[in-house]
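Student: Have a look at this one before I ask anything.
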Amino acid sequence: MSETNRQILLAEKPAGKLGPEHFKMVSGSVPEPGEGEALLRVRYISLDAANRAWMHGATYRSAVEAGSVMAGAGIAEVVSSKAPNLAPGDLVFADTGWQEFAALPAKHLTRMPKIEPMTYLLSVYGVAGLTAYFGLLEIGKPREGETVVVSAAAGSVGSIVGQIAKIKGCRVIGIAGGADKCRWLKSELGFDAAVDYKDGALFKALRAAAPKGIDVYFDNVGGDILEACLPQMNNYGRIACCGAISQYDGAPAAHGPRGVPGLIVVKRLIMQGFIVMDYMKESQRALADLQSWVASGRLKVQEDVIDGLENTPKALIGLLAGENRGKRMVKV
């Protein structure tokens, strides 16, 4: 191919807040696929708070090292294939990295249906939707009439969690940053209440919104918000630990939630972390429900699409600052 392959590298690992200076763009040749591989043209790159966590060290995947292509998942189109099960034009989900082209083993690619809009393959029918579905229903196990609280409620996962909880007949309270996001959660997504953590007095505001306590807490942030929710959990409450955004960017928090062991024992709480890949064998069941809810209008899809590979660093920095509503991604 005569085209070049633009790539965004992690120039250096940030010691504090992530900034544009930690990335650089380079151009190279388009890779040639080897036996059992496919050459992919990246169409959309998923942006997630976890991108920042990977810079700290190994998590459920290896760390991103300085000088390497920035890691990230995406939806890509097969350009050419040396694998029997893939053909030009096929769409796949893969750990493509932040670049225009990637040559990857077919065994690491997940073939995707051709759905319009294609962006839904990264949002409601992708990792965001599946994370919300399995984290809430398999770990949170909400029952009709219970109170469900979700943090980062205006984000890609939280906005879906809250809507699924409403579908299941729960009272839903979202925690988000800013009055506009809180209004949006109630007026557009149907949340029963929303609490602005930037207002201060989070504990009191949460108690006012959930006077009967919290049965299920879907935690995307950790830190002070988790600390405010824990004492308000009802006996036998369930906490689904999805992420810890408050810990990812900048200096680590001085402390974690205090009094956790005692609260868990006295209230007989279940507090469980999870990774969506643990449930991928059951993804068809989840997708059937998600597609049905979207088709009926019970689940609204909110996306935040940024144009241009060159804008990917700025888009991630903005996501960490809470700029987005719904799933943020980059159209390459």
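Here's how to read the names in the structure tokens: chain A, B, ... by the order shown, residue numbers from 1 in each chain, ligand numbers from 1 in the order shown.
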Would you give me, as a ChimeraX atom specification, the residues in region 5-176 of chain A that DSSP reads as strand (DSSP E or B)?

Tutor: /A:5-10,23-29,37-46,69,74-81,91-94,99,101-105,110-112,147-151,155,171-176

Student: List the spatial neighbours of Lys281 (chain A) as a PyMOL selection string - criterion: any atom at most 12 Å away, only C-alpha atoms, same-chain residues fewer than 5 positions off excluded.

Tutor: chain A and resi 130+134+276+286-287

Student: Between A:Ala76, A:Ile160, A:Leu91, A:Ala208, which residue has the minimum interatomic distance to Ala128 (chain A), considering only C-alpha atoms?

Tutor: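 The shortest atom-to-atom distance to Ala128 (chain A) comes from A:Ile160.
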
Student: Here is a test: counting only C-alpha atoms, which residue of A:Gln99, A:Asn85, A:Gln291, A:Ser296 is nearest to Ser27 (chain A)?

Tutor: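 Nearest to Ser27 (chain A): A:Gln99.
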
Student: Smallest atom-to-atom distance to Ile264 (chain A): which of A:Ala193, A:Ala106, A:Leu230, A:Ala132, using only C-alpha atoms?

Tutor: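 Nearest to Ile264 (chain A): A:Leu230.
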
Student: Residues near Cys241 (chain A), anyone? I mean within 7 Å using only C-alpha atoms, not counting same-chain ones fewer than 3 positions away, as a list in words.

Tutor: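 So the residues in contact are Phe218, Asp219, Asn220, Gln272, Gly273 and Phe274 of chain A.
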
Student: Here is a test: counting only C-alpha atoms, which residue of A:Met25, A:Ala288, A:Val149, A:Ala295 is nearest to Ala228 (chain A)?

Tutor: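 Result for the nearest residue to Ala228 (chain A): A:Val149.
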
Student: At what distance in Å, to one decimal, does CA of Pro231 (chain A) lie from CA of Pro261 (chain A)?

Tutor: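 Computed distance, CA of Pro261 (chain A) to CA of Pro231 (chain A), equals 11.5 Å.
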
Student: If you count only C-alpha atoms, which residues fall within 12 Å of Arg298 (chain A), apart from same-chain ones fewer than 5 positions away, as a list in words?

Tutor: Ile160, Gly162, Gln163, Ile164, Ala165, Lys166, Ile167, Lys168, Glu188, Leu189, Gly190, Asp289, Leu290, Gln291, Ser292 and Trp293 of chain A

Student: For a test of reading the model, state the distance in Å between CA of Tyr120 (chain A) and CA of Val79 (chain A), rounded to one decimal.

Tutor: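 That distance, rounded to one decimal, is 21.3 Å.
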
Student: Any idea what's packed within 12 Å of Ser156 (chain A), counting only C-alpha atoms, ignoring anything in its chain fewer than 3 positions away? Could you give it as a PDB file with N, CA, C and O atoms, in the first residue's frame?

Tutor:
ATOM      1  N   SER A  46     -11.961   3.676  20.844  1.00  0.00           N
ATOM      2  CA  SER A  46     -12.671   3.837  22.112  1.00  0.00           C
ATOM      3  C   SER A  46     -11.795   4.583  23.109  1.00  0.00           C
ATOM      4  O   SER A  46     -10.608   4.278  23.260  1.00  0.00           O
ATOM      5  N   LEU A  47     -12.386   5.552  23.781  1.00  0.00           N
ATOM      6  CA  LEU A  47     -11.685   6.266  24.856  1.00  0.00           C
ATOM      7  C   LEU A  47     -12.321   5.898  26.185  1.00  0.00           C
ATOM      8  O   LEU A  47     -13.542   5.961  26.346  1.00  0.00           O
ATOM      9  N   ASP A  48     -11.474   5.514  27.131  1.00  0.00           N
ATOM     10  CA  ASP A  48     -11.944   5.036  28.426  1.00  0.00           C
ATOM     11  C   ASP A  48     -10.983   5.514  29.502  1.00  0.00           C
ATOM     12  O   ASP A  48      -9.784   5.669  29.252  1.00  0.00           O
ATOM     13  N   ALA A  49     -11.520   5.705  30.711  1.00  0.00           N
ATOM     14  CA  ALA A  49     -10.654   6.104  31.819  1.00  0.00           C
ATOM     15  C   ALA A  49      -9.544   5.088  32.046  1.00  0.00           C
ATOM     16  O   ALA A  49      -8.445   5.439  32.495  1.00  0.00           O
ATOM     17  N   TYR A 120     -22.408   2.381  17.520  1.00  0.00           N
ATOM     18  CA  TYR A 120     -23.076   1.591  18.551  1.00  0.00           C
ATOM     19  C   TYR A 120     -22.257   0.356  18.947  1.00  0.00           C
ATOM     20  O   TYR A 120     -22.446  -0.181  20.040  1.00  0.00           O
ATOM     21  N   LEU A 122     -19.256   0.360  19.691  1.00  0.00           N
ATOM     22  CA  LEU A 122     -18.362   0.750  20.785  1.00  0.00           C
ATOM     23  C   LEU A 122     -19.123   1.252  22.003  1.00  0.00           C
ATOM     24  O   LEU A 122     -18.584   1.264  23.096  1.00  0.00           O
ATOM     25  N   SER A 123     -20.369   1.655  21.800  1.00  0.00           N
ATOM     26  CA  SER A 123     -21.120   2.206  22.930  1.00  0.00           C
ATOM     27  C   SER A 123     -22.094   1.173  23.478  1.00  0.00           C
ATOM     28  O   SER A 123     -21.695   0.259  24.198  1.00  0.00           O
ATOM     29  N   VAL A 124     -23.326   1.266  23.101  1.00  0.00           N
ATOM     30  CA  VAL A 124     -24.352   0.453  23.758  1.00  0.00           C
ATOM     31  C   VAL A 124     -24.209  -1.035  23.472  1.00  0.00           C
ATOM     32  O   VAL A 124     -24.554  -1.871  24.314  1.00  0.00           O
ATOM     33  N   TYR A 125     -23.693  -1.408  22.291  1.00  0.00           N
ATOM     34  CA  TYR A 125     -23.513  -2.829  21.975  1.00  0.00           C
ATOM     35  C   TYR A 125     -22.056  -3.259  22.119  1.00  0.00           C
ATOM     36  O   TYR A 125     -21.696  -4.383  21.745  1.00  0.00           O
ATOM     37  N   GLY A 126     -21.239  -2.379  22.660  1.00  0.00           N
ATOM     38  CA  GLY A 126     -19.834  -2.669  22.848  1.00  0.00           C
ATOM     39  C   GLY A 126     -19.497  -2.838  24.315  1.00  0.00           C
ATOM     40  O   GLY A 126     -20.353  -3.180  25.147  1.00  0.00           O
ATOM     41  N   VAL A 127     -18.247  -2.555  24.648  1.00  0.00           N
ATOM     42  CA  VAL A 127     -17.779  -2.775  26.019  1.00  0.00           C
ATOM     43  C   VAL A 127     -18.578  -1.951  27.025  1.00  0.00           C
ATOM     44  O   VAL A 127     -18.884  -2.428  28.129  1.00  0.00           O
ATOM     45  N   ALA A 128     -18.951  -0.713  26.663  1.00  0.00           N
ATOM     46  CA  ALA A 128     -19.695   0.130  27.610  1.00  0.00           C
ATOM     47  C   ALA A 128     -21.031  -0.504  27.986  1.00  0.00           C
ATOM     48  O   ALA A 128     -21.381  -0.621  29.161  1.00  0.00           O
ATOM     49  N   GLY A 129     -21.797  -0.912  26.979  1.00  0.00           N
ATOM     50  CA  GLY A 129     -23.095  -1.509  27.248  1.00  0.00           C
ATOM     51  C   GLY A 129     -22.995  -2.831  27.984  1.00  0.00           C
ATOM     52  O   GLY A 129     -23.770  -3.102  28.910  1.00  0.00           O
ATOM     53  N   LEU A 130     -22.024  -3.666  27.586  1.00  0.00           N
ATOM     54  CA  LEU A 130     -21.864  -4.968  28.228  1.00  0.00           C
ATOM     55  C   LEU A 130     -21.379  -4.816  29.666  1.00  0.00           C
ATOM     56  O   LEU A 130     -21.799  -5.569  30.560  1.00  0.00           O
ATOM     57  N   THR A 131     -20.499  -3.836  29.896  1.00  0.00           N
ATOM     58  CA  THR A 131     -20.029  -3.576  31.262  1.00  0.00           C
ATOM     59  C   THR A 131     -21.183  -3.164  32.160  1.00  0.00           C
ATOM     60  O   THR A 131     -21.332  -3.652  33.287  1.00  0.00           O
ATOM     61  N   ALA A 132     -22.008  -2.258  31.663  1.00  0.00           N
ATOM     62  CA  ALA A 132     -23.170  -1.813  32.430  1.00  0.00           C
ATOM     63  C   ALA A 132     -24.117  -2.979  32.711  1.00  0.00           C
ATOM     64  O   ALA A 132     -24.588  -3.164  33.840  1.00  0.00           O
ATOM     65  N   VAL A 150     -25.549   5.202  41.091  1.00  0.00           N
ATOM     66  CA  VAL A 150     -24.434   5.005  40.168  1.00  0.00           C
ATOM     67  C   VAL A 150     -23.600   6.271  40.104  1.00  0.00           C
ATOM     68  O   VAL A 150     -24.134   7.372  39.986  1.00  0.00           O
ATOM     69  N   SER A 151     -22.282   6.125  40.239  1.00  0.00           N
ATOM     70  CA  SER A 151     -21.377   7.276  40.109  1.00  0.00           C
ATOM     71  C   SER A 151     -20.895   7.390  38.673  1.00  0.00           C
ATOM     72  O   SER A 151     -21.026   6.450  37.878  1.00  0.00           O
ATOM     73  N   ALA A 152     -20.316   8.560  38.332  1.00  0.00           N
ATOM     74  CA  ALA A 152     -19.973   8.871  36.934  1.00  0.00           C
ATOM     75  C   ALA A 152     -21.182   8.557  36.062  1.00  0.00           C
ATOM     76  O   ALA A 152     -21.079   7.941  35.003  1.00  0.00           O
ATOM     77  N   ALA A 153     -22.341   8.995  36.517  1.00  0.00           N
ATOM     78  CA  ALA A 153     -23.605   8.575  35.918  1.00  0.00           C
ATOM     79  C   ALA A 153     -23.838   9.143  34.529  1.00  0.00           C
ATOM     80  O   ALA A 153     -24.667   8.617  33.773  1.00  0.00           O
ATOM     81  N   SER A 159     -24.335   5.996  32.409  1.00  0.00           N
ATOM     82  CA  SER A 159     -25.597   6.423  31.799  1.00  0.00           C
ATOM     83  C   SER A 159     -26.443   5.228  31.379  1.00  0.00           C
ATOM     84  O   SER A 159     -27.680   5.295  31.385  1.00  0.00           O
ATOM     85  N   ILE A 160     -25.788   4.120  31.029  1.00  0.00           N
ATOM     86  CA  ILE A 160     -26.515   2.906  30.656  1.00  0.00           C
ATOM     87  C   ILE A 160     -26.956   2.145  31.900  1.00  0.00           C
ATOM     88  O   ILE A 160     -28.068   1.613  31.957  1.00  0.00           O
ATOM     89  N   VAL A 161     -26.088   2.097  32.917  1.00  0.00           N
ATOM     90  CA  VAL A 161     -26.442   1.425  34.172  1.00  0.00           C
ATOM     91  C   VAL A 161     -27.749   1.988  34.726  1.00  0.00           C
ATOM     92  O   VAL A 161     -28.673   1.242  35.090  1.00  0.00           O
ATOM     93  N   GLY A 162     -27.828   3.309  34.813  1.00  0.00           N
ATOM     94  CA  GLY A 162     -29.017   3.938  35.386  1.00  0.00           C
ATOM     95  C   GLY A 162     -30.282   3.601  34.614  1.00  0.00           C
ATOM     96  O   GLY A 162     -31.337   3.344  35.205  1.00  0.00           O
ATOM     97  N   GLN A 163     -30.175   3.571  33.299  1.00  0.00           N
ATOM     98  CA  GLN A 163     -31.352   3.271  32.480  1.00  0.00           C
ATOM     99  C   GLN A 163     -31.780   1.809  32.617  1.00  0.00           C
ATOM    100  O   GLN A 163     -32.977   1.505  32.648  1.00  0.00           O
ATOM    101  N   ASN A 220     -17.994   3.641  39.842  1.00  0.00           N
ATOM    102  CA  ASN A 220     -17.059   3.904  38.749  1.00  0.00           C
ATOM    103  C   ASN A 220     -15.866   4.749  39.176  1.00  0.00           C
ATOM    104  O   ASN A 220     -14.949   4.946  38.381  1.00  0.00           O
ATOM    105  N   LYS A 300     -31.861   4.918  25.891  1.00  0.00           N
ATOM    106  CA  LYS A 300     -31.379   5.961  24.990  1.00  0.00           C
ATOM    107  C   LYS A 300     -29.852   5.909  24.897  1.00  0.00           C
ATOM    108  O   LYS A 300     -29.178   5.687  25.901  1.00  0.00           O
ATOM    109  N   VAL A 301     -29.357   6.126  23.690  1.00  0.00           N
ATOM    110  CA  VAL A 301     -27.919   6.043  23.448  1.00  0.00           C
ATOM    111  C   VAL A 301     -27.352   7.451  23.312  1.00  0.00           C
ATOM    112  O   VAL A 301     -27.813   8.242  22.491  1.00  0.00           O
ATOM    113  N   GLN A 302     -26.362   7.736  24.127  1.00  0.00           N
ATOM    114  CA  GLN A 302     -25.681   9.031  24.074  1.00  0.00           C
ATOM    115  C   GLN A 302     -24.218   8.800  23.713  1.00  0.00           C
ATOM    116  O   GLN A 302     -23.527   8.040  24.389  1.00  0.00           O
ATOM    117  N   GLU A 303     -23.766   9.435  22.647  1.00  0.00           N
ATOM    118  CA  GLU A 303     -22.382   9.281  22.195  1.00  0.00           C
ATOM    119  C   GLU A 303     -21.724  10.639  22.017  1.00  0.00           C
ATOM    120  O   GLU A 303     -22.387  11.640  21.758  1.00  0.00           O
ATOM    121  N   ASP A 304     -20.418  10.639  22.150  1.00  0.00           N
ATOM    122  CA  ASP A 304     -19.615  11.860  22.038  1.00  0.00           C
ATOM    123  C   ASP A 304     -18.454  11.528  21.099  1.00  0.00           C
ATOM    124  O   ASP A 304     -17.449  10.964  21.521  1.00  0.00           O
ATOM    125  N   VAL A 305     -18.632  11.829  19.814  1.00  0.00           N
ATOM    126  CA  VAL A 305     -17.670  11.416  18.793  1.00  0.00           C
ATOM    127  C   VAL A 305     -16.789  12.603  18.406  1.00  0.00           C
ATOM    128  O   VAL A 305     -17.284  13.658  18.000  1.00  0.00           O
ATOM    129  N   LEU A 319     -11.903  13.605  28.647  1.00  0.00           N
ATOM    130  CA  LEU A 319     -12.718  12.572  29.292  1.00  0.00           C
ATOM    131  C   LEU A 319     -12.365  12.455  30.765  1.00  0.00           C
ATOM    132  O   LEU A 319     -13.241  12.369  31.627  1.00  0.00           O
ATOM    133  N   GLY A 322     -13.981  14.931  32.755  1.00  0.00           N
ATOM    134  CA  GLY A 322     -15.438  14.864  32.818  1.00  0.00           C
ATOM    135  C   GLY A 322     -16.161  15.668  31.758  1.00  0.00           C
ATOM    136  O   GLY A 322     -17.313  16.052  31.951  1.00  0.00           O
ATOM    137  N   GLU A 323     -15.528  15.905  30.612  1.00  0.00           N
ATOM    138  CA  GLU A 323     -16.168  16.704  29.562  1.00  0.00           C
ATOM    139  C   GLU A 323     -17.342  15.989  28.895  1.00  0.00           C
ATOM    140  O   GLU A 323     -18.262  16.628  28.398  1.00  0.00           O
ATOM    141  N   ASN A 324     -17.268  14.695  28.810  1.00  0.00           N
ATOM    142  CA  ASN A 324     -18.185  13.944  27.943  1.00  0.00           C
ATOM    143  C   ASN A 324     -19.514  13.608  28.617  1.00  0.00           C
ATOM    144  O   ASN A 324     -19.618  13.498  29.830  1.00  0.00           O
ATOM    145  N   ARG A 325     -20.503  13.412  27.756  1.00  0.00           N
ATOM    146  CA  ARG A 325     -21.761  12.770  28.143  1.00  0.00           C
ATOM    147  C   ARG A 325     -21.856  11.507  27.302  1.00  0.00           C
ATOM    148  O   ARG A 325     -21.781  11.546  26.080  1.00  0.00           O
ATOM    149  N   GLY A 326     -22.052  10.378  27.935  1.00  0.00           N
ATOM    150  CA  GLY A 326     -22.127   9.138  27.199  1.00  0.00           C
ATOM    151  C   GLY A 326     -20.750   8.694  26.714  1.00  0.00           C
ATOM    152  O   GLY A 326     -19.720   9.146  27.189  1.00  0.00           O
ATOM    153  N   LYS A 327     -20.760   7.795  25.740  1.00  0.00           N
ATOM    154  CA  LYS A 327     -19.540   7.161  25.253  1.00  0.00           C
ATOM    155  C   LYS A 327     -18.733   8.100  24.378  1.00  0.00           C
ATOM    156  O   LYS A 327     -19.218   8.573  23.355  1.00  0.00           O
ATOM    157  N   ARG A 328     -17.489   8.370  24.786  1.00  0.00           N
ATOM    158  CA  ARG A 328     -16.586   9.189  23.969  1.00  0.00           C
ATOM    159  C   ARG A 328     -15.709   8.277  23.117  1.00  0.00           C
ATOM    160  O   ARG A 328     -15.187   7.279  23.599  1.00  0.00           O
ATOM    161  N   MET A 329     -15.567   8.637  21.854  1.00  0.00           N
ATOM    162  CA  MET A 329     -14.729   7.884  20.923  1.00  0.00           C
ATOM    163  C   MET A 329     -14.178   8.830  19.868  1.00  0.00           C
ATOM    164  O   MET A 329     -14.643   9.972  19.740  1.00  0.00           O
TER     165      MET A 329
END

Student: Skipping near chain neighbours, those fewer than 2 positions away, what residues fall within 12 Å of Gly19 (chain A) using only C-alpha atoms, listed as a ChimeraX atom specification?

Tutor: /A:10-17,21-24,52,249-250,312-318,320-321

Student: Among region 263-298 of chain A, which ones does DSSP assign to helix (DSSP H, G or I) (computed from the backbone)? Answer as JSON, numbers by chain.

Tutor: {"A": [263, 264, 265, 266, 267, 276, 277, 278, 279, 280, 281, 282, 283, 284, 285, 286, 287, 288, 289, 290, 291, 292, 293, 294, 295, 296]}

Student: Separation of CA of Pro20 (chain A) and CA of Gln7 (chain A), in Å?

Tutor: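 Going from CA of Pro20 (chain A) over to CA of Gln7 (chain A), I get 14.7 Å.
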
Student: With distances taken over only C-alpha atoms, which of A:Ile275, A:Cys170, A:Val266, A:Ile45 is nearest to Gly74 (chain A)?

Tutor: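 With only C-alpha atoms as the atom set, the closest residue is A:Ile45.
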
Student: Name all residues at most 9 Å from Gly36 (chain A) (count only C-alpha atoms; drop same-chain ones fewer than 2 positions away) and give them as number ranges by chain.

Tutor: A: 33-34, 38, 81-84, 104-107
